[in-house]
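The structure under discussion appears below in the form of structure tokens.
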Amino acid sequence: MTQSPVIEASGLDLTFTTSDGPVHALKDVNLTITKGEFVSFIGPSGCGKTTFLRCIAALERPTGGSLTVNGMTADQARRARAYGYVFQAAGLYPWRTIAGNVKLPLEIMGFSKADQEERVRKVLELVELSGFGNKFPWQLSGGMQQRASIARALAFDADILLMDEPFGALDEIVRDRLNEELLSLWARTGKTICFVTHSIPEAVYLSTKIVVMSPRPGRITDIIDSPLPRERPLDIRDSREFIEIAHRVREGLRAGHQDD
Amino acid sequence: MIIPTHPMWLAGAVAVWLALWTANVTLAQSRGRAARIAMPILFGAALLVLWEGIVRAYQVSPVILPPPSTIAQTFAASLPMLWADFVQTVIKGALSGFVIGVAAAFVVAIVIDRSPFLQKGLLPIGNFVAALPIVGLAPILVMWFGFDWHSKAAVVVVMVFFPVLINLVAGLKASERMQRDLMATWGASYWQSLFKLRLPAAMPFFFNGLKIASTLALIGAIVAEFFGSPIVGLGFRISAEIGRLGLDIVWAEIVVAALAGSVLYGAIALTERWVTFWHPSQRR
Amino acid sequence: MSRALPILTVLAAILAIWYAATIWMNATWVFDQAERNGQTVTWAEVIPQTMTQDRPLLPPPHQVAANLWQGIAGQAITSKRSLVYHAFVTFRGTMAGFGLGILLGVGLAMAIVRYRVMDGSVMPWAIISQTIPIVALAPMILTLSNSVGIDGKEVPKAIISAYLSFFPVFVSMIKGLRSPDQMQLDLLKTYGAGEGATFFKLRLPASLPYFFASLKVAVAAALIGTIVGELPSGAIEGLGARMLIGSQFGEPLIMWAALFAAAILAGLLIVAVGLVERLANRRMGGVA
């Protein structure tokens, strides 16, 4: 599938100057992500996976190299509302209802009232929260709040979804369910998804491409193109191919640790 | 000295006190809302009964300490005068100063919000000034603005400005980094972010400041009257009547001041509950 | 240095505005005087005259500073005109009120957390007490203490000061005494500890950081209470008394000097209490 590249990073560098000296958060990152891919970033703390995601979102400024999103600079893409961002915490406003929270980006971006209502309804249905629109965030469980946060990121039809360990704070049973739902959502909407995670099974289960990173300096140690089919039931996690890919990921992580 | 002239009053008062206290001990065990409201009322009533009993039992002179019954009578008989004092001090002095002070603090907080440099300079100074005995400015402001309620309002403005300012600035800083990042990903402008995220998130802090400000407002207005006032006003009446040994009127004015303070504070607390309904402290 | 720069800039701006306001406000008097003498004055002549008036509407910073210095260093410490003497009187009252306020605040908080009947009956009144302007009660407290036979104004001043300073300590102690979480309380229960033991071994130590954190607000409140106590009493000693005298005799310079002396006293008290807080924090393992 030769698709157009949606995100292209070339020789990307990011060095933070701290009081303890410079921190190389990202060093010489080269990566191309094409439309419709599901890319996971996995690695230990400090490997730069979140930093890279934030660079794509124009929340951090790289100190070297180049990065384009949809053919524009990251900041232009941000202002063109090219992506939806999902944080580890749901981050819903407690003074707004769920529907109100999902509406928030739509209000800021200037969608018409009727348009807002329609989008909220559609997107809540997508994450299976229909009927919870009038509830307040503190009345919902952690998993439901995170679903609402995903709905909010989908509401304005951005083609790219950037997710930073969105299920990290949830228990495993809820996590499994949300993983399944995320995959089905991806299948239905065809978005390009960049997903940061700590969990090897999650990375292998969800992605078409796995980027293994390691710290000090933050860099890519391996890029694995997953041979698994796009349609995957949860038991694929017991299959031989799955275990092989997971093994390769683990090897990549270990290799990054050699310098410790 | 210890043996009262009319021992029955003392005995009766103590008996009522014990009875009410026992009732409260029992009520303390229950968890209902009725119990929670009844307990302080019973305690207050018991105090009043004790007060009445002691004054009557020891035949305390009314120019030293009048009993609650006399105070209630004087209160009922002096309503027009009490009302005039109330309007002068609370409505004209305290309330107008409160509104102006809070509005000014609000504007300044938003103006310096855009300049971290100004914030770093103003906040330590603001914190310091808020701790100062600003009441000391009262005589100077009376000298500038004259004897009428304008000087009282001015004192209140100065006293109220700093606590509200530092609370509001703290509140505006309170939105988490993640929330502000999220706003950035939606391409929100400064004003959108201010009105949709940072101001609502600052409301708990703002109301905290308002509550402090409400108590300061009354203190400021009354103190200012000690330094000069037309012949009306709570502070004026209290200092005048103290000199004339009209203690029952003084107590009646104290009751007015207490009522005014409680109503003001209560109104703010109620508004707070409505505006910040979402805050964990409001959701029992 | 970078922390001091914004503060210094703002201070400089305040001084500049102050000078400008001085000129603007005091100029009216100068013009009036000149008119009365049938003279005309230029601005160049007016400005220096606004800085050296005897009874200015707004004394310029250097005049206030000069007066302040006069009151502090220019008088014998025991003289009735010495600001140091008056500051000491106010300081004495503040310490008395502060101490009393701490006792009241801690004692009441302990009783309320320990006994449910106190919590229900007294707690609402403690909160309502702060909505009653102490200023309204101050003259009453003074008169009452006089009639009961207590000499002088120190005791009623201390009571008024304690009224304001007990509340921050009280609120913080309640928060601190109730701060241990369920997990900690359950652990003590598994050791068979009763309410009393839990109180002394867990709640009280847990409340110490909160206690020390409240002291700065409490001492500032105690100072305000003392000055408020000096005002209605026709007192002749203490910084509040100086402000009153300045106001009654139409001597603004006295008022301003007393105000700044009070500000300096407040600053010193807050710094001193802040030091105590930091020492206490260090001894308790640096936990905020």
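The way I read the labels, and the way they are meant: chains A, B, ... in the order of the structure tokens, residue 1 as the first residue of every chain, and ligand 1 as the first ligand shown, with later ones counted on from there.
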
Please identify all residues of chain B having at least one atom at most 8 Å from any atom of chain C, considering only C-alpha atoms, and return them as an NGL selection string.
:B and (24-25 or 27-29 or 36 or 39-43 or 64-65 or 117-118 or 120-122 or 124-125 or 128 or 131-133 or 135-137 or 139-140 or 143-144 or 214-215 or 218-219 or 222-223 or 226-227 or 234-235 or 238-239 or 242 or 250 or 253-254 or 257-259 or 261-262 or 265)

All residues 12 Å or closer to Ser281 (chain B), only C-alpha atoms, same chain fewer than 6 positions away omitted, as a list in words
Pro204, Glu272 and Arg273 of chain B

For those residues, write N, CA and C atoms to a file as a PDB file, in the first residue's frame.
```
ATOM      1  N   PRO B 204     -13.227  28.183  42.618  1.00  0.00           N
ATOM      2  CA  PRO B 204     -13.087  27.832  44.038  1.00  0.00           C
ATOM      3  C   PRO B 204     -12.155  28.791  44.772  1.00  0.00           C
ATOM      4  N   GLU B 272     -21.434  30.142  46.085  1.00  0.00           N
ATOM      5  CA  GLU B 272     -20.298  29.259  45.852  1.00  0.00           C
ATOM      6  C   GLU B 272     -20.775  27.842  45.577  1.00  0.00           C
ATOM      7  N   ARG B 273     -21.760  27.402  46.351  1.00  0.00           N
ATOM      8  CA  ARG B 273     -22.248  26.052  46.167  1.00  0.00           C
ATOM      9  C   ARG B 273     -22.861  25.888  44.782  1.00  0.00           C
TER      10      ARG B 273
END
```

For a quick test of understanding: name the residues of chain B lying within 10 Å of chain A when counting only C-alpha atoms, and present them as a ChimeraX atom specification.
/B:176,178-179,181-189,192-193,196-197,200-201,275-280,283

Take the residues from that selection and write them out as a CSV table (one decimal), in the first residue's frame, keeping C-alpha atoms.
```csv
chain,number,residue,atom,x,y,z
B,176,GLU,CA,-3.1,21.9,35.0
B,178,MET,CA,-2.4,19.1,30.6
B,179,GLN,CA,-5.6,21.1,30.3
B,181,ASP,CA,-2.0,21.7,26.3
B,182,LEU,CA,-5.4,20.3,25.3
B,183,MET,CA,-6.6,23.8,24.6
B,184,ALA,CA,-3.5,24.4,22.4
B,185,THR,CA,-4.3,21.2,20.4
B,186,TRP,CA,-7.7,22.7,19.6
B,187,GLY,CA,-6.1,26.0,18.4
B,188,ALA,CA,-7.9,27.9,21.1
B,189,SER,CA,-7.2,31.6,21.5
B,192,GLN,CA,-11.2,31.2,24.7
B,193,SER,CA,-8.9,29.5,27.0
B,196,LYS,CA,-13.8,28.2,29.0
B,197,LEU,CA,-11.1,26.7,31.1
B,200,PRO,CA,-14.2,28.3,35.8
B,201,ALA,CA,-11.2,26.4,37.2
B,275,VAL,CA,-21.1,28.0,40.9
B,276,THR,CA,-18.6,25.4,42.1
B,277,PHE,CA,-21.1,22.5,42.4
B,278,TRP,CA,-18.5,20.3,40.7
B,279,HIS,CA,-15.7,20.8,43.2
B,280,PRO,CA,-15.0,17.8,45.5
B,283,ARG,CA,-20.0,17.1,46.7
```

From a backbone DSSP assignment, name each residue in region 169-231 of chain C labelled alpha helix (DSSP H), as JSON, numbers by chain.
{"C": [169, 170, 171, 172, 173, 174, 175, 176, 177, 182, 183, 184, 185, 186, 187, 188, 189, 190, 195, 196, 197, 198, 204, 205, 206, 207, 208, 209, 210, 211, 212, 213, 214, 215, 216, 217, 218, 219, 220, 221, 222, 223, 224, 225, 226, 227, 228, 229, 230]}

One-decimal distance in Å that lies between CA of Asp28 (chain A) and CA of Gly168 (chain A):
27.7 Å

Which residues are close to Pro233 (chain A), i.e. within 12 Å by only C-alpha atoms, leaving aside same-chain residues fewer than 3 positions away? Reply as a PyMOL selection string.
chain A and resi 176-177+179-181+183-184+205-206+228-230+236-239+242

Requested write-out: C-alpha atoms of the selected residues, as a JSON list (two decimals), in the first residue's frame:
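part-v5.json was written with the following content:
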```json
[["chain", "number", "residue", "atom", "x", "y", "z"],
["A", 176, "ASP", "CA", -8.81, -5.20, 27.19],
["A", 177, "ARG", "CA", -12.31, -4.05, 26.41],
["A", 179, "ASN", "CA", -8.42, -2.00, 23.26],
["A", 180, "GLU", "CA", -11.02, -3.97, 21.33],
["A", 181, "GLU", "CA", -13.25, -0.95, 21.00],
["A", 183, "LEU", "CA", -9.51, -1.28, 17.10],
["A", 184, "SER", "CA", -13.09, -1.43, 15.90],
["A", 205, "TYR", "CA", -2.22, -6.15, 19.75],
["A", 206, "LEU", "CA", -3.21, -2.75, 18.46],
["A", 228, "LEU", "CA", -0.92, -9.62, 11.89],
["A", 229, "PRO", "CA", -4.20, -9.14, 9.99],
["A", 230, "ARG", "CA", -6.15, -5.91, 10.54],
["A", 236, "ILE", "CA", -4.79, -13.54, 18.79],
["A", 237, "ARG", "CA", -2.61, -12.71, 21.77],
["A", 238, "ASP", "CA", -2.05, -16.41, 22.32],
["A", 239, "SER", "CA", -1.02, -17.10, 18.73],
["A", 242, "PHE", "CA", 1.93, -12.59, 18.32]]
```

Find the residues near region 56-63 of chain B: any atom within 7 Å, counting only C-alpha atoms, skip ones fewer than 4 places away on the same chain, and give them as JSON, numbers by chain.
{"B": [4, 5, 6, 7, 9, 10, 52, 245, 246, 247]}

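Proximity to Ala96 (chain C) was assessed for C:Pro156, C:Pro205, C:Pro56, C:Gly274 counting only C-alpha atoms; the smallest distance is recorded for C:Pro156.
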